[in-house]
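Engineer: Attaching a single structure in structure tokens format; questions to follow.
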Amino acid sequence: MKWFHTAAMSLSLLVISGCASITGNNDTKWLYPPMAVPLQAGLQQEVQIARLTQLLQRADLADDLRAEMFYKRGSYYDSVGLKDLARLDYDQSLSLNPEQPELFNLLGVYYTQVGEFDAAYDAFDSALELDPDNSYALRNRAVALYYGDRLHLAMEDITQHYEEDPSDPFRALWRYIIQSKQQPEQARAELLESYQHRDEQWGWLLVAISLNQVSEEQVFNAILQGTPDNTLLAQRLTEAYFYLAKRYQQEGDYAQALSLYKLVLSFNMFDYVEHRYALLELGRIYHTVREERKAEQQAAN
């Protein structure tokens, strides 16, 4: 695929990406991982938060309008990483207008992030009761069930989600991640079959990362060549480092996975699911390593 061709990087591209490389005869070796400038809260976001805060102090607002304002302010809080303030606003909005499936979906993602899985399931169930065709809520419930170790139910949801659009590489990826917990060989075979029927969507490069079909150098070059600005670079690297970290985690290389998940968090892409779940993954790795070391000490004694 043309995405994977290796080419020399210009000086300006290297400065923008914040990476360094050495070039051999056949490939590029990276001394430092490609980076983007971490995104910061914009003036517009801060102004909107301040404006909505002022408007919400008015006593003459109708409940439906107040609910909408809480929802909007919560969305701005969420976009700058203030997830607890966002949750409070979402709760306020739902107390005024409980028929908001998109808000239940957002709350479900929040509860998944913080490991409150029963609350997450309830939120996603509410979202799907209000909107049975909400594909995002179905996918997010599958992910919550996966992290909550309810793998059979997770597979039911993610399979339904995948079958709605098999051409979507992210659907294929999450089906693979969930299925790998119980059927790693079958999961890889099915993802490889999907990959062989790929189109030009960006996400298939992430599938290639997961399948180890391309080198990391090729991946980095493809991202750098296809990202004209820092925001898009931050988005692409957030996704790439997350799925690369998942691969290393599955291989048992926890040190590499930890480093990559930390890179995912560094770009401040707060509204990306990869950013949302990277911190959760870090906690799971720390727990796994701690339990392994405890078992080794007990065996040694």
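A note on labels: chains of the structure tokens are A, B, ... as shown, every chain counts residues from 1, and ligands are counted from 1 in their shown order.
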List the neighbours of A:Ala127 out to 8 Å using only C-alpha atoms; skip same-chain residues closer than 2 positions along the sequence, and give me the result as a compact mmCIF listing (two decimals) with all heavy atoms, in the first residue's frame.
Structural biologist:
# COMPACT_ATOMS: atom_id res chain seq x y z
N GLN A 100 -32.02 11.47 26.98
CA GLN A 100 -30.86 11.89 26.19
C GLN A 100 -29.90 10.71 26.05
O GLN A 100 -28.97 10.55 26.84
CB GLN A 100 -30.14 13.06 26.86
CG GLN A 100 -30.99 14.32 27.02
CD GLN A 100 -30.18 15.47 27.59
OE1 GLN A 100 -29.40 16.11 26.90
NE2 GLN A 100 -30.38 15.74 28.87
N PRO A 101 -30.09 9.87 25.04
CA PRO A 101 -29.24 8.68 24.89
C PRO A 101 -27.77 9.02 24.71
O PRO A 101 -26.90 8.28 25.20
CB PRO A 101 -29.81 7.98 23.66
CG PRO A 101 -30.60 9.04 22.93
CD PRO A 101 -31.12 9.95 23.99
N GLU A 102 -27.48 10.14 24.03
CA GLU A 102 -26.08 10.48 23.82
C GLU A 102 -25.38 10.81 25.13
O GLU A 102 -24.17 10.55 25.30
CB GLU A 102 -25.95 11.66 22.84
CG GLU A 102 -26.50 12.99 23.32
CD GLU A 102 -28.01 13.11 23.20
OE1 GLU A 102 -28.67 12.14 22.76
OE2 GLU A 102 -28.54 14.19 23.53
N LEU A 103 -26.13 11.35 26.09
CA LEU A 103 -25.54 11.67 27.39
C LEU A 103 -25.30 10.40 28.21
O LEU A 103 -24.28 10.28 28.89
CB LEU A 103 -26.45 12.62 28.17
CG LEU A 103 -26.05 14.10 28.15
CD1 LEU A 103 -26.92 14.91 29.08
CD2 LEU A 103 -24.60 14.26 28.52
N PHE A 104 -26.23 9.47 28.15
CA PHE A 104 -26.01 8.19 28.84
C PHE A 104 -24.78 7.49 28.26
O PHE A 104 -24.01 6.85 29.00
CB PHE A 104 -27.24 7.30 28.71
CG PHE A 104 -28.35 7.63 29.68
CD1 PHE A 104 -29.56 8.15 29.24
CD2 PHE A 104 -28.18 7.43 31.04
CE1 PHE A 104 -30.58 8.46 30.13
CE2 PHE A 104 -29.19 7.73 31.95
CZ PHE A 104 -30.39 8.25 31.49
N ASN A 105 -24.58 7.61 26.96
CA ASN A 105 -23.41 7.02 26.34
C ASN A 105 -22.12 7.65 26.87
O ASN A 105 -21.16 6.95 27.22
CB ASN A 105 -23.48 7.20 24.82
CG ASN A 105 -22.26 6.64 24.11
OD1 ASN A 105 -21.85 5.51 24.34
ND2 ASN A 105 -21.66 7.45 23.26
N ALA A 123 -25.59 2.75 32.29
CA ALA A 123 -25.66 3.92 31.43
C ALA A 123 -25.82 3.52 29.97
O ALA A 123 -26.66 4.08 29.24
CB ALA A 123 -24.40 4.78 31.61
N PHE A 124 -25.06 2.54 29.53
CA PHE A 124 -25.17 2.11 28.13
C PHE A 124 -26.51 1.44 27.87
O PHE A 124 -27.10 1.60 26.78
CB PHE A 124 -24.02 1.16 27.78
CG PHE A 124 -22.67 1.82 27.74
CD1 PHE A 124 -21.60 1.27 28.42
CD2 PHE A 124 -22.48 3.00 27.03
CE1 PHE A 124 -20.35 1.88 28.39
CE2 PHE A 124 -21.23 3.61 27.00
CZ PHE A 124 -20.17 3.06 27.68
N ASP A 125 -27.01 0.68 28.84
CA ASP A 125 -28.33 0.07 28.69
C ASP A 125 -29.39 1.15 28.51
O ASP A 125 -30.30 1.02 27.67
CB ASP A 125 -28.67 -0.79 29.90
CG ASP A 125 -27.86 -2.08 29.96
OD1 ASP A 125 -27.23 -2.42 28.95
OD2 ASP A 125 -27.85 -2.72 31.03
N GLU A 129 -31.76 1.66 25.30
CA GLU A 129 -33.22 1.62 25.46
C GLU A 129 -33.87 2.83 24.79
O GLU A 129 -34.92 2.72 24.16
CB GLU A 129 -33.58 1.58 26.94
CG GLU A 129 -33.32 0.23 27.61
CD GLU A 129 -33.58 0.26 29.10
OE1 GLU A 129 -34.14 1.28 29.57
OE2 GLU A 129 -33.23 -0.71 29.81
N LEU A 130 -33.23 3.99 24.94
CA LEU A 130 -33.76 5.21 24.33
C LEU A 130 -33.50 5.26 22.83
O LEU A 130 -34.29 5.85 22.08
CB LEU A 130 -33.14 6.44 25.01
CG LEU A 130 -33.54 6.68 26.46
CD1 LEU A 130 -32.64 7.73 27.09
CD2 LEU A 130 -35.00 7.12 26.54
N ASP A 131 -32.38 4.66 22.40
CA ASP A 131 -32.01 4.70 20.98
C ASP A 131 -31.38 3.35 20.62
O ASP A 131 -30.15 3.20 20.68
CB ASP A 131 -31.03 5.85 20.73
CG ASP A 131 -30.61 5.95 19.26
OD1 ASP A 131 -31.21 5.23 18.43
OD2 ASP A 131 -29.69 6.74 18.96
N PRO A 132 -32.19 2.37 20.25
CA PRO A 132 -31.66 1.02 19.95
C PRO A 132 -30.65 1.00 18.81
O PRO A 132 -29.87 0.04 18.70
CB PRO A 132 -32.92 0.23 19.59
CG PRO A 132 -34.04 0.97 20.24
CD PRO A 132 -33.65 2.41 20.17
N ASN A 134 -28.22 3.14 18.38
CA ASN A 134 -27.04 3.92 18.75
C ASN A 134 -25.81 3.02 18.67
O ASN A 134 -25.49 2.28 19.61
CB ASN A 134 -27.21 4.50 20.16
CG ASN A 134 -26.15 5.53 20.49
OD1 ASN A 134 -24.98 5.38 20.13
ND2 ASN A 134 -26.55 6.58 21.19
N ALA A 137 -23.02 3.57 21.40
CA ALA A 137 -23.33 3.00 22.71
C ALA A 137 -23.12 1.49 22.72
O ALA A 137 -22.65 0.92 23.70
CB ALA A 137 -24.76 3.35 23.12
Engineer: Would you pick out the contacts of stretch 206-208 of chain A at 8 Å or less, using only C-alpha atoms, so that residues sharing its chain but fewer than 4 positions from it are not included, and give the list as a VMD selection string?
Structural biologist: chain A and resid 169 173 191 195 202 212 to 214 239 to 240 243 to 244
Engineer: Can you list every residue of stretch 168-265 of chain A that has an atom at most 10 Å from stretch 39-51 of chain A, with its nearest atom pair and the distance in Å to one decimal, using only C-alpha atoms, ordered by chain then number, as JSON lines?
Structural biologist:
{"residue": "A:Asn230", "atom": "CA", "partner": "A:Leu39", "partner_atom": "CA", "distance": 8.5}
{"residue": "A:Thr231", "atom": "CA", "partner": "A:Leu39", "partner_atom": "CA", "distance": 7.2}
{"residue": "A:Ala234", "atom": "CA", "partner": "A:Leu39", "partner_atom": "CA", "distance": 7.6}
{"residue": "A:Gln235", "atom": "CA", "partner": "A:Leu39", "partner_atom": "CA", "distance": 9.8}
Engineer: Take the residues that were just selected and, keeping all heavy atoms, output them as a compact mmCIF listing (two decimals), in the first residue's frame.
Structural biologist:
# COMPACT_ATOMS: atom_id res chain seq x y z
N ASN A 230 -0.22 19.97 13.31
CA ASN A 230 0.05 19.36 14.61
C ASN A 230 -1.17 18.66 15.19
O ASN A 230 -1.04 17.60 15.82
CB ASN A 230 0.55 20.43 15.59
CG ASN A 230 0.89 19.84 16.94
OD1 ASN A 230 1.87 19.14 17.10
ND2 ASN A 230 0.05 20.12 17.94
N THR A 231 -2.36 19.23 14.99
CA THR A 231 -3.56 18.62 15.55
C THR A 231 -3.79 17.23 14.98
O THR A 231 -4.05 16.27 15.71
CB THR A 231 -4.79 19.50 15.32
OG1 THR A 231 -4.60 20.77 15.95
CG2 THR A 231 -6.05 18.86 15.86
N ALA A 234 -1.24 14.81 16.32
CA ALA A 234 -1.57 14.36 17.67
C ALA A 234 -2.66 13.30 17.64
O ALA A 234 -2.61 12.30 18.38
CB ALA A 234 -2.01 15.54 18.53
N GLN A 235 -3.65 13.48 16.77
CA GLN A 235 -4.73 12.51 16.65
C GLN A 235 -4.21 11.16 16.15
O GLN A 235 -4.52 10.10 16.71
CB GLN A 235 -5.80 13.04 15.70
CG GLN A 235 -6.54 14.26 16.21
CD GLN A 235 -7.39 14.92 15.15
OE1 GLN A 235 -7.26 14.62 13.94
NE2 GLN A 235 -8.25 15.85 15.56
Engineer: Determine the nearest neighbour of A:Leu82 from the options A:Tyr110, A:Ala154, A:Gln250, A:Arg58, counting only C-alpha atoms.
Structural biologist: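 Nearest to A:Leu82: A:Tyr110.
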Engineer: With only C-alpha atoms counted and 12 Å as the cut-off, give the residues of stretch 209-276 of chain A in contact with stretch 174-181 of chain A, each with its shortest interatomic distance in Å and the pair that gives it, as a Markdown table.
Structural biologist:
| residue | atom | partner | partner_atom | distance |
| --- | --- | --- | --- | --- |
| A:Ser210 | CA | A:Tyr176 | CA | 9.2 |
| A:Leu211 | CA | A:Tyr176 | CA | 10.1 |
| A:Phe242 | CA | A:Ile177 | CA | 11.9 |
| A:Tyr243 | CA | A:Ile177 | CA | 9.4 |
| A:Leu244 | CA | A:Ile177 | CA | 11.9 |
| A:Ala245 | CA | A:Ile177 | CA | 11.9 |
| A:Lys246 | CA | A:Ile177 | CA | 8.2 |
| A:Arg247 | CA | A:Ile177 | CA | 9.2 |
| A:Gln249 | CA | A:Ile177 | CA | 11.1 |
| A:Gln250 | CA | A:Ser180 | CA | 8.6 |
| A:Glu251 | CA | A:Ser180 | CA | 11.4 |
| A:Val273 | CA | A:Trp174 | CA | 11.5 |
| A:Glu274 | CA | A:Trp174 | CA | 11.3 |
Engineer: Write the selection just made, keeping all heavy atoms, as an mmCIF file, in the first residue's frame?
Structural biologist:
data_model
loop_
_atom_site.group_PDB
_atom_site.id
_atom_site.type_symbol
_atom_site.label_atom_id
_atom_site.label_comp_id
_atom_site.auth_asym_id
_atom_site.auth_seq_id
_atom_site.Cartn_x
_atom_site.Cartn_y
_atom_site.Cartn_z
ATOM 1 N N SER A 210 -1.399 -3.817 14.517
ATOM 2 C CA SER A 210 -1.822 -4.882 15.420
ATOM 3 C C SER A 210 -1.405 -6.261 14.916
ATOM 4 O O SER A 210 -1.091 -7.148 15.702
ATOM 5 C CB SER A 210 -3.346 -4.826 15.611
ATOM 6 O OG SER A 210 -3.738 -3.590 16.172
ATOM 7 N N LEU A 211 -1.414 -6.434 13.610
ATOM 8 C CA LEU A 211 -1.037 -7.713 13.021
ATOM 9 C C LEU A 211 0.462 -7.835 12.793
ATOM 10 O O LEU A 211 0.938 -8.894 12.358
ATOM 11 C CB LEU A 211 -1.760 -7.896 11.676
ATOM 12 C CG LEU A 211 -3.274 -8.120 11.739
ATOM 13 C CD1 LEU A 211 -3.879 -8.024 10.353
ATOM 14 C CD2 LEU A 211 -3.593 -9.468 12.374
ATOM 15 N N PHE A 242 -1.650 3.773 20.865
ATOM 16 C CA PHE A 242 -2.547 2.943 21.673
ATOM 17 C C PHE A 242 -2.576 1.513 21.150
ATOM 18 O O PHE A 242 -2.411 0.556 21.910
ATOM 19 C CB PHE A 242 -3.956 3.528 21.683
ATOM 20 C CG PHE A 242 -4.937 2.718 22.491
ATOM 21 C CD1 PHE A 242 -5.053 2.918 23.863
ATOM 22 C CD2 PHE A 242 -5.740 1.752 21.900
ATOM 23 C CE1 PHE A 242 -5.947 2.169 24.622
ATOM 24 C CE2 PHE A 242 -6.639 0.998 22.646
ATOM 25 C CZ PHE A 242 -6.738 1.212 24.004
ATOM 26 N N TYR A 243 -2.808 1.354 19.836
ATOM 27 C CA TYR A 243 -2.942 0.001 19.302
ATOM 28 C C TYR A 243 -1.593 -0.714 19.235
ATOM 29 O O TYR A 243 -1.541 -1.947 19.355
ATOM 30 C CB TYR A 243 -3.637 0.046 17.947
ATOM 31 C CG TYR A 243 -5.061 0.538 18.082
ATOM 32 C CD1 TYR A 243 -5.417 1.821 17.677
ATOM 33 C CD2 TYR A 243 -6.031 -0.259 18.677
ATOM 34 C CE1 TYR A 243 -6.712 2.291 17.852
ATOM 35 C CE2 TYR A 243 -7.328 0.201 18.853
ATOM 36 C CZ TYR A 243 -7.660 1.479 18.436
ATOM 37 O OH TYR A 243 -8.932 1.944 18.625
ATOM 38 N N LEU A 244 -0.511 0.040 19.077
ATOM 39 C CA LEU A 244 0.802 -0.571 19.177
ATOM 40 C C LEU A 244 1.059 -1.042 20.607
ATOM 41 O O LEU A 244 1.627 -2.129 20.835
ATOM 42 C CB LEU A 244 1.874 0.431 18.746
ATOM 43 C CG LEU A 244 3.311 -0.081 18.621
ATOM 44 C CD1 LEU A 244 3.392 -1.254 17.649
ATOM 45 C CD2 LEU A 244 4.238 1.057 18.186
ATOM 46 N N ALA A 245 0.631 -0.243 21.578
ATOM 47 C CA ALA A 245 0.758 -0.647 22.981
ATOM 48 C C ALA A 245 -0.054 -1.910 23.268
ATOM 49 O O ALA A 245 0.403 -2.803 23.990
ATOM 50 C CB ALA A 245 0.306 0.491 23.900
ATOM 51 N N LYS A 246 -1.264 -1.995 22.705
ATOM 52 C CA LYS A 246 -2.075 -3.198 22.903
ATOM 53 C C LYS A 246 -1.357 -4.429 22.368
ATOM 54 O O LYS A 246 -1.406 -5.508 22.981
ATOM 55 C CB LYS A 246 -3.427 -3.042 22.195
ATOM 56 C CG LYS A 246 -4.403 -2.107 22.882
ATOM 57 C CD LYS A 246 -4.838 -2.604 24.258
ATOM 58 C CE LYS A 246 -5.655 -3.867 24.193
ATOM 59 N NZ LYS A 246 -6.090 -4.302 25.568
ATOM 60 N N ARG A 247 -0.674 -4.274 21.232
ATOM 61 C CA ARG A 247 0.049 -5.415 20.674
ATOM 62 C C ARG A 247 1.173 -5.862 21.605
ATOM 63 O O ARG A 247 1.326 -7.054 21.893
ATOM 64 C CB ARG A 247 0.626 -5.048 19.300
ATOM 65 C CG ARG A 247 1.104 -6.270 18.510
ATOM 66 C CD ARG A 247 1.896 -5.873 17.303
ATOM 67 N NE ARG A 247 3.283 -5.573 17.657
ATOM 68 C CZ ARG A 247 4.112 -4.865 16.883
ATOM 69 N NH1 ARG A 247 3.674 -4.360 15.734
ATOM 70 N NH2 ARG A 247 5.356 -4.658 17.264
ATOM 71 N N GLN A 249 1.371 -5.345 24.750
ATOM 72 C CA GLN A 249 0.754 -5.868 25.967
ATOM 73 C C GLN A 249 0.338 -7.323 25.774
ATOM 74 O O GLN A 249 0.551 -8.161 26.651
ATOM 75 C CB GLN A 249 -0.447 -5.000 26.334
ATOM 76 C CG GLN A 249 -1.094 -5.321 27.672
ATOM 77 C CD GLN A 249 -2.235 -4.361 27.980
ATOM 78 O OE1 GLN A 249 -2.495 -3.415 27.237
ATOM 79 N NE2 GLN A 249 -2.914 -4.593 29.072
ATOM 80 N N GLN A 250 -0.250 -7.626 24.626
ATOM 81 C CA GLN A 250 -0.650 -8.995 24.329
ATOM 82 C C GLN A 250 0.565 -9.915 24.238
ATOM 83 O O GLN A 250 0.479 -11.096 24.570
ATOM 84 C CB GLN A 250 -1.441 -9.039 23.025
ATOM 85 C CG GLN A 250 -2.824 -8.419 23.131
ATOM 86 C CD GLN A 250 -3.540 -8.360 21.786
ATOM 87 O OE1 GLN A 250 -2.916 -8.391 20.726
ATOM 88 N NE2 GLN A 250 -4.857 -8.258 21.825
ATOM 89 N N GLU A 251 1.702 -9.364 23.794
ATOM 90 C CA GLU A 251 2.931 -10.152 23.666
ATOM 91 C C GLU A 251 3.650 -10.309 24.999
ATOM 92 O O GLU A 251 4.660 -11.021 25.081
ATOM 93 C CB GLU A 251 3.859 -9.490 22.640
ATOM 94 C CG GLU A 251 3.314 -9.508 21.216
ATOM 95 C CD GLU A 251 4.121 -8.640 20.261
ATOM 96 O OE1 GLU A 251 5.052 -7.943 20.738
ATOM 97 O OE2 GLU A 251 3.839 -8.673 19.049
ATOM 98 N N VAL A 273 -11.239 7.809 22.349
ATOM 99 C CA VAL A 273 -11.381 6.634 23.208
ATOM 100 C C VAL A 273 -10.019 6.048 23.550
ATOM 101 O O VAL A 273 -9.833 5.482 24.639
ATOM 102 C CB VAL A 273 -12.287 5.560 22.559
ATOM 103 C CG1 VAL A 273 -13.711 6.053 22.444
ATOM 104 C CG2 VAL A 273 -11.748 5.115 21.207
ATOM 105 N N GLU A 274 -9.061 6.204 22.635
ATOM 106 C CA GLU A 274 -7.723 5.675 22.918
ATOM 107 C C GLU A 274 -7.092 6.391 24.108
ATOM 108 O O GLU A 274 -6.424 5.765 24.939
ATOM 109 C CB GLU A 274 -6.838 5.806 21.677
ATOM 110 C CG GLU A 274 -7.229 4.903 20.524
ATOM 111 C CD GLU A 274 -8.373 5.442 19.674
ATOM 112 O OE1 GLU A 274 -8.773 6.623 19.889
ATOM 113 O OE2 GLU A 274 -8.873 4.715 18.813
#
Engineer: Choose the residue, out of A:Gln182, A:Gln54, A:Asn140, A:Gln298, that has the smallest atom-to-atom separation from A:Asp157; count only C-alpha atoms.
Structural biologist: A:Asn140
Engineer: Would you give me, as a PyMOL selection string, the residues in stretch 16-241 of chain A that DSSP reads as alpha helix (DSSP H)?
Structural biologist: chain A and resi 16-17+43-56+63-79+83-96+101-113+117-130+135-147+151-164+169-180+184-196+203-211+216-225+230-241
Engineer: Put those residues in a file: C-alpha atoms, as a compact mmCIF listing (two decimals), in the first residue's frame.
Structural biologist:
# COMPACT_ATOMS: atom_id res chain seq x y z
CA ILE A 16 7.30 19.78 13.63
CA SER A 17 7.14 16.14 14.68
CA LEU A 43 -9.59 30.36 23.89
CA GLN A 44 -12.97 29.46 22.39
CA GLN A 45 -13.41 26.53 24.78
CA GLU A 46 -12.57 28.68 27.80
CA VAL A 47 -14.88 31.49 26.66
CA GLN A 48 -17.75 29.06 26.10
CA ILE A 49 -17.31 27.52 29.55
CA ALA A 50 -17.35 30.99 31.14
CA ARG A 51 -20.33 32.10 29.08
CA LEU A 52 -22.40 29.01 29.87
CA THR A 53 -21.51 29.29 33.57
CA GLN A 54 -22.88 32.83 33.60
CA LEU A 55 -26.05 31.85 31.75
CA LEU A 56 -26.71 28.92 34.08
CA ASP A 63 -35.69 23.17 32.21
CA ASP A 64 -35.07 21.98 28.66
CA LEU A 65 -32.79 24.94 27.93
CA ARG A 66 -30.95 24.52 31.23
CA ALA A 67 -30.47 20.81 30.46
CA GLU A 68 -29.01 21.69 27.05
CA MET A 69 -26.63 24.21 28.62
CA PHE A 70 -25.39 21.71 31.19
CA TYR A 71 -24.83 19.24 28.36
CA LYS A 72 -22.85 21.78 26.32
CA ARG A 73 -20.74 22.93 29.25
CA GLY A 74 -20.06 19.32 30.17
CA SER A 75 -18.89 18.68 26.60
CA TYR A 76 -16.46 21.59 26.85
CA TYR A 77 -15.20 20.35 30.21
CA ASP A 78 -14.73 16.90 28.69
CA SER A 79 -12.78 18.28 25.73
CA LYS A 83 -13.91 14.71 33.20
CA ASP A 84 -15.28 14.90 36.75
CA LEU A 85 -16.75 18.35 36.17
CA ALA A 86 -18.14 17.03 32.88
CA ARG A 87 -19.82 14.14 34.68
CA LEU A 88 -21.44 16.51 37.18
CA ASP A 89 -22.87 18.59 34.34
CA TYR A 90 -24.09 15.50 32.51
CA ASP A 91 -25.84 14.32 35.67
CA GLN A 92 -27.45 17.74 36.07
CA SER A 93 -28.61 17.69 32.47
CA LEU A 94 -30.12 14.22 32.80
CA SER A 95 -31.94 15.17 35.99
CA LEU A 96 -33.73 17.85 33.96
CA PRO A 101 -29.24 8.68 24.89
CA GLU A 102 -26.08 10.48 23.82
CA LEU A 103 -25.54 11.67 27.39
CA PHE A 104 -26.01 8.19 28.84
CA ASN A 105 -23.41 7.02 26.34
CA LEU A 106 -20.91 9.66 27.50
CA LEU A 107 -21.54 8.78 31.13
CA GLY A 108 -20.98 5.12 30.33
CA VAL A 109 -17.60 5.92 28.83
CA TYR A 110 -16.72 7.98 31.92
CA TYR A 111 -17.65 5.13 34.27
CA THR A 112 -15.61 2.71 32.14
CA GLN A 113 -12.59 5.00 32.42
CA PHE A 117 -18.31 -1.06 35.33
CA ASP A 118 -21.77 -1.73 36.78
CA ALA A 119 -22.58 1.97 36.48
CA ALA A 120 -21.21 1.90 32.93
CA TYR A 121 -23.44 -1.03 31.95
CA ASP A 122 -26.49 0.75 33.35
CA ALA A 123 -25.66 3.92 31.43
CA PHE A 124 -25.17 2.11 28.13
CA ASP A 125 -28.33 0.07 28.69
CA SER A 126 -30.24 3.33 29.17
CA ALA A 127 -28.72 4.78 26.01
CA LEU A 128 -29.73 1.74 23.97
CA GLU A 129 -33.22 1.62 25.46
CA LEU A 130 -33.76 5.21 24.33
CA SER A 135 -23.97 2.22 17.32
CA TYR A 136 -21.54 4.11 19.55
CA ALA A 137 -23.33 3.00 22.71
CA LEU A 138 -23.26 -0.61 21.51
CA ARG A 139 -19.53 -0.44 20.80
CA ASN A 140 -18.79 1.30 24.09
CA ARG A 141 -20.84 -1.22 26.05
CA ALA A 142 -18.82 -4.00 24.42
CA VAL A 143 -15.61 -2.28 25.50
CA ALA A 144 -16.91 -1.83 29.06
CA LEU A 145 -17.87 -5.51 29.21
CA TYR A 146 -14.40 -6.39 27.94
CA TYR A 147 -12.68 -4.36 30.65
CA LEU A 151 -16.14 -11.49 27.67
CA HIS A 152 -19.06 -13.55 26.38
CA LEU A 153 -21.41 -10.56 26.53
CA ALA A 154 -18.69 -8.31 25.12
CA MET A 155 -18.33 -10.59 22.09
CA GLU A 156 -22.06 -10.52 21.46
CA ASP A 157 -22.09 -6.73 21.39
CA ILE A 158 -18.90 -6.24 19.39
CA THR A 159 -19.92 -8.87 16.83
CA GLN A 160 -23.21 -7.10 16.25
CA HIS A 161 -21.36 -3.79 16.01
CA TYR A 162 -18.84 -5.21 13.53
CA GLU A 163 -21.46 -6.82 11.32
CA GLU A 164 -23.22 -3.48 10.89
CA PRO A 169 -11.25 -0.90 10.51
CA PHE A 170 -11.98 0.26 14.07
CA ARG A 171 -14.85 -2.19 14.38
CA ALA A 172 -12.56 -4.94 13.16
CA LEU A 173 -9.86 -3.86 15.62
CA TRP A 174 -12.08 -3.90 18.69
CA ARG A 175 -13.58 -7.24 17.73
CA TYR A 176 -10.02 -8.56 17.49
CA ILE A 177 -8.99 -7.06 20.85
CA ILE A 178 -11.99 -8.52 22.65
CA GLN A 179 -11.87 -11.91 20.92
CA SER A 180 -8.12 -12.23 21.60
CA PRO A 184 -6.27 -15.42 20.10
CA GLU A 185 -5.57 -17.56 17.02
CA GLN A 186 -9.09 -17.25 15.64
CA ALA A 187 -9.12 -13.53 16.39
CA ARG A 188 -5.92 -13.00 14.44
CA ALA A 189 -7.13 -15.10 11.51
CA GLU A 190 -10.39 -13.14 11.28
CA LEU A 191 -8.64 -9.78 11.56
CA LEU A 192 -6.16 -10.82 8.87
CA GLU A 193 -9.04 -11.78 6.60
CA SER A 194 -10.63 -8.37 7.14
CA TYR A 195 -7.27 -6.69 6.50
CA GLN A 196 -6.89 -8.48 3.18
CA GLY A 203 -7.61 2.86 10.33
CA TRP A 204 -6.32 -0.09 8.31
CA LEU A 205 -2.80 1.08 9.10
CA LEU A 206 -3.70 0.54 12.75
CA VAL A 207 -4.84 -2.96 11.86
CA ALA A 208 -1.47 -3.50 10.18
CA ILE A 209 0.22 -2.38 13.41
CA SER A 210 -1.82 -4.88 15.42
CA LEU A 211 -1.04 -7.71 13.02
CA GLU A 216 7.22 0.59 13.23
CA GLU A 217 9.50 2.71 11.03
CA GLN A 218 7.07 2.36 8.15
CA VAL A 219 4.19 3.29 10.42
CA PHE A 220 5.94 6.41 11.70
CA ASN A 221 6.88 7.49 8.18
CA ALA A 222 3.34 6.95 6.94
CA ILE A 223 1.92 9.07 9.78
CA LEU A 224 4.43 11.88 9.32
CA GLN A 225 3.97 12.04 5.57
CA ASN A 230 0.05 19.36 14.61
CA THR A 231 -3.56 18.62 15.55
CA LEU A 232 -3.89 15.81 13.02
CA LEU A 233 -0.46 14.52 14.03
CA ALA A 234 -1.57 14.36 17.67
CA GLN A 235 -4.73 12.51 16.65
CA ARG A 236 -2.88 9.97 14.52
CA LEU A 237 -0.17 9.32 17.09
CA THR A 238 -2.75 8.92 19.86
CA GLU A 239 -4.39 6.13 17.89
CA ALA A 240 -1.19 4.53 16.62
CA TYR A 241 0.56 4.38 19.99
Engineer: Find the residues near A:Pro38: any atom within 8 Å, counting only C-alpha atoms, skip ones fewer than 6 places away on the same chain, and give them as a PyMOL selection string.
Structural biologist: chain A and resi 234+266-268
Engineer: Give me, please, the distance in Å between atom CA of A:Leu260 and atom CA of A:Arg198, quoted to one decimal.
Structural biologist: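 Computing it gives 25.9 Å between the two atoms.
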Engineer: Out of A:Gly283, A:Asp271, A:Tyr277, A:Leu263, which residue has the shortest atom-to-atom distance to A:Val37 when counting only C-alpha atoms?
Structural biologist: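 Of A:Gly283, A:Asp271, A:Tyr277, A:Leu263, the one nearest A:Val37 is A:Leu263, counting only C-alpha atoms.
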Engineer: Can you list every residue in stretch 4-240 of chain A that DSSP puts in strand (DSSP E), as an mmCIF file with N, CA, C and O atoms, in the first residue's frame?
Structural biologist:
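Contents of result-v7.cif, freshly written:
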data_model
loop_
_atom_site.group_PDB
_atom_site.id
_atom_site.type_symbol
_atom_site.label_atom_id
_atom_site.label_comp_id
_atom_site.auth_asym_id
_atom_site.auth_seq_id
_atom_site.Cartn_x
_atom_site.Cartn_y
_atom_site.Cartn_z
ATOM 1 N N SER A 21 15.935 10.805 13.548
ATOM 2 C CA SER A 21 16.107 9.521 12.892
ATOM 3 C C SER A 21 17.503 9.402 12.327
ATOM 4 O O SER A 21 18.202 10.385 12.118
ATOM 5 N N ILE A 22 17.890 8.157 12.085
ATOM 6 C CA ILE A 22 19.097 7.893 11.326
ATOM 7 C C ILE A 22 18.694 7.016 10.169
ATOM 8 O O ILE A 22 17.850 6.123 10.303
ATOM 9 N N THR A 23 19.242 7.257 9.009
ATOM 10 C CA THR A 23 18.814 6.556 7.811
ATOM 11 C C THR A 23 19.888 5.595 7.351
ATOM 12 O O THR A 23 21.044 5.995 7.145
ATOM 13 N N THR A 28 14.515 3.388 7.845
ATOM 14 C CA THR A 28 14.764 4.476 8.775
ATOM 15 C C THR A 28 14.643 3.953 10.188
ATOM 16 O O THR A 28 13.684 3.259 10.510
ATOM 17 N N LYS A 29 15.613 4.266 11.030
ATOM 18 C CA LYS A 29 15.571 3.867 12.428
ATOM 19 C C LYS A 29 15.376 5.108 13.274
ATOM 20 O O LYS A 29 16.106 6.089 13.118
ATOM 21 N N TRP A 30 14.421 5.059 14.168
ATOM 22 C CA TRP A 30 14.080 6.229 14.971
ATOM 23 C C TRP A 30 14.826 6.201 16.303
ATOM 24 O O TRP A 30 14.778 5.226 17.042
#
Engineer: Suppose you want the space between atom CA of A:Glu99 and atom CA of A:Val80; what is it in Å?
Structural biologist: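 Going from atom CA of A:Glu99 over to atom CA of A:Val80, I get 25.7 Å.
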